[in-house]
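Data from upload-v5.txt: compact mmCIF, C-alpha atoms (C1' of nucleotides)
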```txt
# COMPACT_ATOMS: atom_id res chain seq x y z
CA MET W 904 -33.03 28.56 -60.22
CA PHE W 905 -36.27 26.58 -60.03
CA ARG W 906 -35.55 23.55 -57.93
CA PRO W 907 -38.64 21.78 -56.57
CA ALA W 908 -37.86 19.94 -53.40
CA SER W 909 -37.72 16.19 -53.65
CA ASN W 910 -36.14 13.60 -51.46
CA GLU W 911 -34.36 11.73 -54.22
CA SER W 912 -30.99 12.89 -52.91
CA GLY W 913 -31.95 11.98 -49.35
CA PHE W 914 -31.73 15.63 -48.44
CA PHE W 915 -34.73 15.40 -46.11
CA ASP W 916 -33.52 12.18 -44.53
CA ARG W 917 -31.25 14.27 -42.38
CA THR W 918 -32.31 15.67 -39.04
CA SER W 919 -34.19 18.92 -38.77
CA VAL W 920 -31.16 20.65 -37.25
CA GLU W 921 -29.28 19.98 -40.50
CA VAL W 922 -32.18 20.71 -42.83
CA ALA W 923 -33.52 23.84 -41.11
CA PRO W 924 -30.81 26.35 -42.11
CA ALA W 925 -30.98 25.13 -45.71
CA LEU W 926 -34.66 26.07 -45.85
CA LEU W 927 -33.95 29.76 -45.31
CA GLY W 928 -34.77 31.59 -48.51
CA ALA W 929 -36.77 28.66 -49.87
CA ARG W 930 -40.15 29.29 -51.48
CA PHE W 931 -43.11 27.53 -49.90
CA THR W 932 -46.35 27.67 -51.85
CA ARG W 933 -49.94 26.71 -51.14
CA HIS W 934 -52.11 26.27 -54.19
CA SER W 935 -55.75 27.03 -53.41
CA SER W 936 -58.87 27.56 -55.43
CA LEU W 937 -58.56 31.25 -54.64
CA GLY W 938 -55.04 31.45 -56.03
CA ASP W 939 -51.51 30.59 -55.00
CA VAL W 940 -49.81 31.99 -51.93
CA SER W 941 -46.03 31.85 -51.76
CA LEU W 942 -43.76 32.42 -48.82
CA ARG W 943 -40.05 33.16 -48.78
CA ILE W 944 -38.92 31.46 -45.58
CA THR W 945 -36.91 33.76 -43.31
CA GLU W 946 -37.07 32.08 -39.90
CA VAL W 947 -37.33 28.45 -38.71
CA GLU W 948 -36.76 26.30 -35.64
CA ALA W 949 -35.63 22.67 -35.46
CA TYR W 950 -37.23 20.03 -33.25
CA LEU W 951 -35.78 16.56 -32.79
CA GLY W 952 -37.17 13.16 -31.95
CA VAL W 953 -37.99 10.77 -29.15
CA GLY W 954 -35.86 11.34 -26.07
CA GLU W 955 -33.60 13.81 -27.86
CA ASP W 956 -35.32 17.12 -27.42
CA PRO W 957 -37.47 17.95 -24.38
CA GLY W 958 -39.03 20.81 -26.31
CA SER W 959 -40.32 18.58 -29.09
CA HIS W 960 -43.83 17.18 -29.30
CA SER W 961 -42.26 13.81 -30.07
CA PHE W 962 -40.03 13.73 -26.98
CA ARG W 963 -42.29 11.31 -25.11
CA GLY W 964 -42.98 9.10 -28.09
CA ARG W 965 -45.66 8.69 -30.69
CA THR W 966 -49.19 9.92 -30.04
CA ALA W 967 -52.20 10.57 -32.22
CA ARG W 968 -51.28 14.23 -32.45
CA ASN W 969 -47.65 13.86 -33.49
CA ALA W 970 -48.02 10.73 -35.66
CA VAL W 971 -47.16 12.66 -38.81
CA MET W 972 -43.75 13.53 -37.37
CA PHE W 973 -42.95 9.81 -37.41
CA GLY W 974 -43.96 9.42 -41.03
CA PRO W 975 -41.93 10.04 -44.19
CA PRO W 976 -40.17 13.40 -44.69
CA LEU W 977 -41.40 16.26 -46.87
CA HIS W 978 -44.83 16.19 -45.34
CA LEU W 979 -46.66 18.89 -43.42
CA TYR W 980 -47.15 18.58 -39.65
CA THR W 981 -49.73 20.97 -38.23
CA TYR W 982 -50.84 21.36 -34.66
CA PHE W 983 -53.24 23.51 -32.69
CA THR W 984 -52.05 25.48 -29.68
CA TYR W 985 -53.14 28.09 -27.15
CA GLY W 986 -56.73 27.23 -27.94
CA MET W 987 -56.70 29.28 -31.13
CA HIS W 988 -53.53 29.03 -33.18
CA VAL W 989 -52.25 26.69 -35.87
CA CYS W 990 -48.53 26.15 -36.46
CA ALA W 991 -46.93 24.38 -39.42
CA ASN W 992 -43.81 22.19 -39.64
CA ILE W 993 -41.89 20.41 -42.37
CA VAL W 994 -41.19 16.80 -41.39
CA CYS W 995 -37.57 15.59 -41.75
CA SER W 996 -35.69 12.35 -41.08
CA PRO W 997 -36.55 8.90 -42.47
CA GLU W 998 -39.89 7.32 -41.60
CA GLY W 999 -39.87 6.10 -38.02
CA GLN W 1000 -37.79 8.98 -36.73
CA ALA W 1001 -39.51 12.15 -35.63
CA SER W 1002 -37.91 15.47 -36.40
CA ALA W 1003 -39.42 18.56 -37.93
CA VAL W 1004 -38.74 22.17 -38.83
CA LEU W 1005 -41.19 24.75 -37.50
CA LEU W 1006 -41.92 27.56 -39.95
CA ARG W 1007 -41.72 30.65 -37.76
CA ALA W 1008 -41.79 33.51 -40.23
CA GLY W 1009 -41.44 34.55 -43.84
CA GLU W 1010 -42.22 37.09 -46.50
CA ILE W 1011 -45.32 36.68 -48.66
CA VAL W 1012 -43.98 36.96 -52.21
CA ALA W 1013 -47.10 35.96 -54.14
CA GLY W 1014 -50.78 36.08 -53.28
CA VAL W 1015 -50.38 39.12 -51.05
CA GLU W 1016 -54.02 40.10 -51.47
CA TYR W 1017 -55.19 36.64 -50.45
CA ALA W 1018 -52.90 36.72 -47.41
CA ARG W 1019 -54.18 40.14 -46.45
CA SER W 1020 -57.77 38.99 -46.74
CA ASN W 1021 -56.92 36.29 -44.20
CA ARG W 1022 -55.01 38.58 -41.85
CA GLY W 1023 -56.82 41.89 -42.13
CA GLU W 1024 -56.68 44.86 -44.47
CA GLN W 1025 -54.62 46.98 -42.09
CA VAL W 1026 -51.76 44.48 -41.79
CA THR W 1027 -48.52 45.57 -43.45
CA ASN W 1028 -46.72 43.26 -45.88
CA ARG W 1029 -43.94 42.80 -43.36
CA ASP W 1030 -46.31 41.57 -40.65
CA LEU W 1031 -48.41 39.23 -42.82
CA ALA W 1032 -46.36 36.13 -41.92
CA ARG W 1033 -44.15 37.48 -39.14
CA GLY W 1034 -44.76 34.76 -36.52
CA PRO W 1035 -45.68 31.07 -36.70
CA ALA W 1036 -49.42 31.42 -36.18
CA ARG W 1037 -49.59 34.52 -38.39
CA LEU W 1038 -47.84 32.57 -41.12
CA THR W 1039 -50.41 29.77 -41.18
CA LYS W 1040 -53.27 32.25 -41.05
CA ALA W 1041 -51.86 34.35 -43.89
CA MET W 1042 -51.39 31.28 -46.10
CA GLY W 1043 -54.74 29.80 -45.11
CA ILE W 1044 -53.18 26.57 -43.80
CA PRO W 1045 -55.87 24.65 -41.91
CA LEU W 1046 -55.23 22.22 -39.08
CA SER W 1047 -56.78 19.54 -41.28
CA ASP W 1048 -53.82 19.70 -43.67
CA ASP W 1049 -51.80 17.72 -41.13
CA GLY W 1050 -49.87 15.10 -43.11
CA ALA W 1051 -50.18 16.81 -46.49
CA ASP W 1052 -47.56 15.98 -49.11
CA LEU W 1053 -45.17 18.87 -49.80
CA MET W 1054 -44.55 17.65 -53.33
CA GLY W 1055 -48.25 17.38 -54.08
CA ALA W 1056 -51.08 19.33 -55.68
CA VAL W 1057 -51.70 21.63 -52.74
CA TYR W 1058 -48.23 22.37 -51.37
CA THR W 1059 -44.86 22.77 -53.06
CA LEU W 1060 -41.46 23.65 -51.72
CA GLU W 1061 -38.75 25.09 -53.95
CA LEU W 1062 -35.15 25.31 -52.80
CA VAL W 1063 -34.31 28.68 -54.35
CA ASP W 1064 -32.31 31.67 -53.19
CA GLN W 1065 -30.57 29.76 -50.45
CA VAL W 1066 -28.76 32.16 -48.19
CA GLN W 1067 -25.13 31.92 -47.15
CA ASP W 1068 -25.39 34.09 -44.08
CA VAL W 1069 -27.47 32.29 -41.45
CA GLY W 1070 -28.22 33.69 -38.01
CA THR W 1071 -28.73 31.30 -35.09
CA SER W 1072 -30.12 31.73 -31.60
CA VAL W 1073 -31.87 29.81 -28.87
CA ARG W 1074 -35.43 28.79 -29.57
CA THR W 1075 -38.30 31.09 -28.77
CA GLY W 1076 -41.14 30.30 -26.44
CA VAL W 1077 -39.71 26.99 -25.29
CA SER W 1078 -39.46 26.54 -21.56
CA GLY W 1079 -39.08 23.72 -19.10
CA PRO W 1080 -36.55 21.83 -17.01
CA GLY W 1081 -33.02 21.21 -18.14
CA GLY W 1082 -32.29 24.54 -19.77
CA LEU W 1083 -34.24 23.95 -22.95
CA ALA W 1084 -33.55 27.45 -24.08
CA GLU W 1085 -29.90 26.54 -24.50
CA TYR W 1086 -30.44 24.60 -27.72
CA PRO W 1087 -29.34 26.98 -30.52
CA TRP W 1088 -31.84 25.60 -33.00
CA ARG W 1089 -33.52 28.76 -34.20
CA PHE W 1090 -32.26 29.85 -37.62
CA PHE W 1091 -33.06 33.10 -39.40
CA ILE W 1092 -31.91 35.45 -42.15
CA PRO W 1093 -30.01 38.26 -40.38
CA ASP W 1094 -31.52 41.73 -40.66
CA ASP W 1095 -34.56 40.52 -42.57
CA PRO W 1096 -37.52 42.66 -41.47
CA THR W 1097 -39.96 39.74 -41.51
CA VAL W 1098 -38.07 37.78 -38.83
CA SER W 1099 -40.27 37.69 -35.74
CA PRO W 1100 -39.19 39.64 -32.68
CA TYR W 1101 -37.50 37.46 -30.11
CA ARG W 1102 -39.54 36.82 -27.01
CA ALA W 1103 -38.00 34.86 -24.18
CA SER W 1104 -40.18 32.09 -22.83
CA VAL W 1105 -42.13 33.29 -19.83
CA PRO W 1106 -43.92 30.90 -17.51
CA ARG W 1107 -47.60 31.66 -17.58
CA ARG W 1108 -49.10 33.26 -14.52
CA ARG W 1109 -52.03 31.65 -12.90
CA THR W 1110 -55.24 33.66 -12.71
C1' DG G 187 -62.44 11.60 -15.37
C1' DC G 188 -59.88 15.86 -13.97
C1' DT G 189 -56.51 19.51 -14.30
C1' DG G 190 -52.63 22.40 -15.83
C1' DC G 191 -50.60 24.51 -19.45
C1' DG G 192 -48.60 25.34 -24.19
C1' DA G 193 -43.43 25.66 -30.45
C1' DT G 194 -48.90 32.66 -29.50
C1' DT G 195 -51.15 36.77 -30.59
C1' DG G 196 -53.39 41.15 -30.15
C1' DA G 197 -55.16 44.56 -27.16
C1' DC G 198 -54.16 47.47 -23.72
C1' DT G 199 -51.30 50.56 -19.86
C1' DG T 1491 -44.19 46.84 -20.23
C1' DT T 1492 -48.72 43.39 -18.86
C1' DC T 1493 -52.46 40.17 -19.66
C1' DA T 1494 -56.65 37.47 -21.35
C1' DA T 1495 -58.40 34.40 -24.82
C1' DT T 1496 -59.34 29.43 -25.59
C1' DC T 1497 -59.06 24.12 -26.14
C1' DG T 1498 -56.67 19.73 -26.97
C1' DC T 1499 -53.17 17.02 -25.12
C1' DA T 1500 -50.64 14.66 -21.66
C1' DG T 1501 -50.11 13.27 -17.16
C1' DC T 1502 -52.08 12.11 -13.12
C1' DT T 1503 -55.75 10.29 -9.78
```

If you took the structure in this file and wrote it as structure tokens, what would it be?
Amino acid sequence: MFRPASNESGFFDRTSVEVAPALLGARFTRHSSLGDVSLRITEVEAYLGVGEDPGSHSFRGRTARNAVMFGPPLHLYTYFTYGMHVCANIVCSPEGQASAVLLRAGEIVAGVEYARSNRGEQVTNRDLARGPARLTKAMGIPLSDDGADLMGAVYTLELVDQVQDVGTSVRTGVSGPGGLAEYPWRFFIPDDPTVSPYRASVPRRRT
DNA sequence: GCTGCGATTGACT
DNA sequence: GTCAATCGCAGCT
């Protein structure tokens, strides 16, 4: 059952839309000095590359921020948003192409106490990593881990418990011209309580 | 150099 | 259901 992710088979050379559903059920672990934290992935979203996906950070080409997306697969891409939140992605596609899978939600299956110390003592197990920014906070993933190796000393990914029944829907929180919300690139485990509640993208009001 | 806004969350009505 | 917080990036002047 233990199957550490590697790219020997070229599995991660495929696009994020192909890889994303296969990551559901996988175990993603961060090894820290305070102990390991493991996540069972229950919800992801796929983002494609230059000129392919108007909702992707890489749509307009390579920049300092998204450089890691253009690098080799099986690396971590982190970014900072809304002035306060960190989100984490798994880079896919061969080097030079930019596609990534956003980790939207999961269930903390090891290191629950560590996760709770990051999120707050009142937070229920179900809510610890229910949402992309909650997930990174629970696991203690810092923005500075952008580009980290997912087969390395700090992060590991194990393709275990892969699910057969995959739910799909339009992506959350993505807005803009051209009907971005129509891309059905959100994948989740149906009826799993840790899947984040769907919120349609709402244009922000001015003050 | 300046400005608008985002792959969100938590607090509040 | 509504809304503020908060800051780096990208696009424009």

- Message: At a cut-off of 10 Å, which residues of chain W touch chain G? Count all atoms listed in the file and give the answer as a PyMOL selection string.
- Response: chain W and resi 948-950+958-960+982-992+1005-1007+1034-1037+1074-1078+1106-1107+1109

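For the atom pair formed by atom CA of W:Asp1064 and atom CA of W:Met1042, the distance is 20.4 Å, given to one decimal.
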
- Task: Would you kindly report the residues of chain T within 9 Å of chain W, using all atoms listed in the file, as a count of residues only?
- Result: 5

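Here atom CA of W:Arg930 stands at a distance of 5.1 Å from atom CA of W:Glu1061.
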
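The space separating atom CA of W:Ile1011 from atom CA of W:Val1098 comes to 12.3 Å.
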
- Neighbour list for W:Asp1049 as a VMD selection string, cut-off 12 Å, all atoms listed in the file, skip fewer than 2 positions in-chain: chain W and resid 967 to 972 974 977 to 983 989 to 994 1044 to 1047 1051 to 1053 1058

- When distances are computed from all atoms listed in the file, which of W:Ser1099, W:Ser919, W:Ser996, W:Ser941 shows the smallest separation from W:Ala1018?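 Looking at the shortest contact to W:Ala1018, the residue is W:Ser941.
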
Around all the atoms of chain G listed in the file, draw an axis-aligned box and extend it by 4 Å on each of the six sides; I want its centre and edge lengths in Å to one decimal, as AutoDock Vina command-line options.
```
--center_x -52.9 --center_y 31.1 --center_z -22.3 --size_x 27.0 --size_y 47.0 --size_z 24.6
```

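Those DNA, RNA and protein residues that approach the point (-42.5, 33.8, -41.7) to within 6 Å, considering all atoms listed in the file, are W:Ile944, W:Thr945, W:Glu946, W:Arg1007, W:Ala1008, W:Gly1009, W:Glu1010, W:Ala1032, W:Arg1033, W:Gly1034, W:Leu1038.
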
Can you put all heavy atoms back into stretch 935-946 of chain W and show it as a compact mmCIF listing (two decimals), in the coordinates of the input?
```txt
# COMPACT_ATOMS: atom_id res chain seq x y z
N SER W 935 -54.35 27.14 -53.80
CA SER W 935 -55.75 27.03 -53.41
C SER W 935 -56.64 27.46 -54.56
O SER W 935 -56.18 28.02 -55.54
CB SER W 935 -56.03 27.91 -52.19
OG SER W 935 -56.18 29.26 -52.59
N SER W 936 -57.92 27.19 -54.38
CA SER W 936 -58.87 27.56 -55.43
C SER W 936 -58.95 29.07 -55.60
O SER W 936 -59.36 29.58 -56.63
CB SER W 936 -60.25 27.01 -55.08
OG SER W 936 -60.65 27.50 -53.81
N LEU W 937 -58.52 29.79 -54.57
CA LEU W 937 -58.56 31.25 -54.64
C LEU W 937 -57.25 31.83 -55.13
O LEU W 937 -57.05 33.04 -55.11
CB LEU W 937 -58.90 31.82 -53.25
CG LEU W 937 -60.28 31.43 -52.71
CD1 LEU W 937 -60.46 31.89 -51.28
CD2 LEU W 937 -61.38 32.02 -53.60
N GLY W 938 -56.33 30.97 -55.54
CA GLY W 938 -55.04 31.45 -56.03
C GLY W 938 -53.89 30.93 -55.19
O GLY W 938 -54.09 30.40 -54.10
N ASP W 939 -52.68 31.07 -55.72
CA ASP W 939 -51.51 30.59 -55.00
C ASP W 939 -51.01 31.63 -54.00
O ASP W 939 -51.08 32.82 -54.25
CB ASP W 939 -50.38 30.29 -55.99
CG ASP W 939 -50.73 29.12 -56.91
OD1 ASP W 939 -51.78 28.50 -56.70
OD2 ASP W 939 -49.94 28.84 -57.83
N VAL W 940 -50.50 31.13 -52.89
CA VAL W 940 -49.81 31.99 -51.93
C VAL W 940 -48.42 31.44 -51.76
O VAL W 940 -48.24 30.25 -51.49
CB VAL W 940 -50.45 31.95 -50.52
CG1 VAL W 940 -50.14 33.22 -49.78
CG2 VAL W 940 -51.91 31.65 -50.59
N SER W 941 -47.41 32.30 -51.91
CA SER W 941 -46.03 31.85 -51.76
C SER W 941 -45.32 32.61 -50.66
O SER W 941 -45.53 33.81 -50.49
CB SER W 941 -45.26 32.03 -53.07
OG SER W 941 -45.75 31.16 -54.05
N LEU W 942 -44.50 31.88 -49.95
CA LEU W 942 -43.76 32.42 -48.82
C LEU W 942 -42.27 32.23 -49.05
O LEU W 942 -41.82 31.14 -49.42
CB LEU W 942 -44.17 31.67 -47.55
CG LEU W 942 -43.52 32.12 -46.24
CD1 LEU W 942 -44.29 33.31 -45.68
CD2 LEU W 942 -43.51 30.99 -45.23
N ARG W 943 -41.51 33.28 -48.83
CA ARG W 943 -40.05 33.16 -48.78
C ARG W 943 -39.69 32.98 -47.31
O ARG W 943 -39.91 33.88 -46.49
CB ARG W 943 -39.39 34.42 -49.35
CG ARG W 943 -37.89 34.45 -49.19
CD ARG W 943 -37.31 35.70 -49.86
NE ARG W 943 -35.92 35.91 -49.47
CZ ARG W 943 -35.53 36.74 -48.51
NH1 ARG W 943 -36.43 37.45 -47.85
NH2 ARG W 943 -34.26 36.86 -48.20
N ILE W 944 -39.16 31.81 -46.98
CA ILE W 944 -38.92 31.46 -45.58
C ILE W 944 -37.75 32.26 -45.02
O ILE W 944 -36.66 32.25 -45.59
CB ILE W 944 -38.66 29.95 -45.45
CG1 ILE W 944 -39.88 29.15 -45.93
CG2 ILE W 944 -38.30 29.59 -44.01
CD1 ILE W 944 -39.64 27.65 -46.03
N THR W 945 -37.97 32.94 -43.90
CA THR W 945 -36.91 33.76 -43.31
C THR W 945 -36.54 33.33 -41.89
O THR W 945 -35.53 33.78 -41.36
CB THR W 945 -37.31 35.25 -43.25
OG1 THR W 945 -38.48 35.39 -42.43
CG2 THR W 945 -37.59 35.79 -44.64
N GLU W 946 -37.36 32.48 -41.28
CA GLU W 946 -37.07 32.08 -39.90
C GLU W 946 -37.67 30.70 -39.62
O GLU W 946 -38.83 30.45 -39.95
CB GLU W 946 -37.65 33.11 -38.92
CG GLU W 946 -37.38 32.77 -37.46
CD GLU W 946 -38.08 33.74 -36.50
OE1 GLU W 946 -38.66 34.73 -36.98
OE2 GLU W 946 -38.06 33.46 -35.30
```
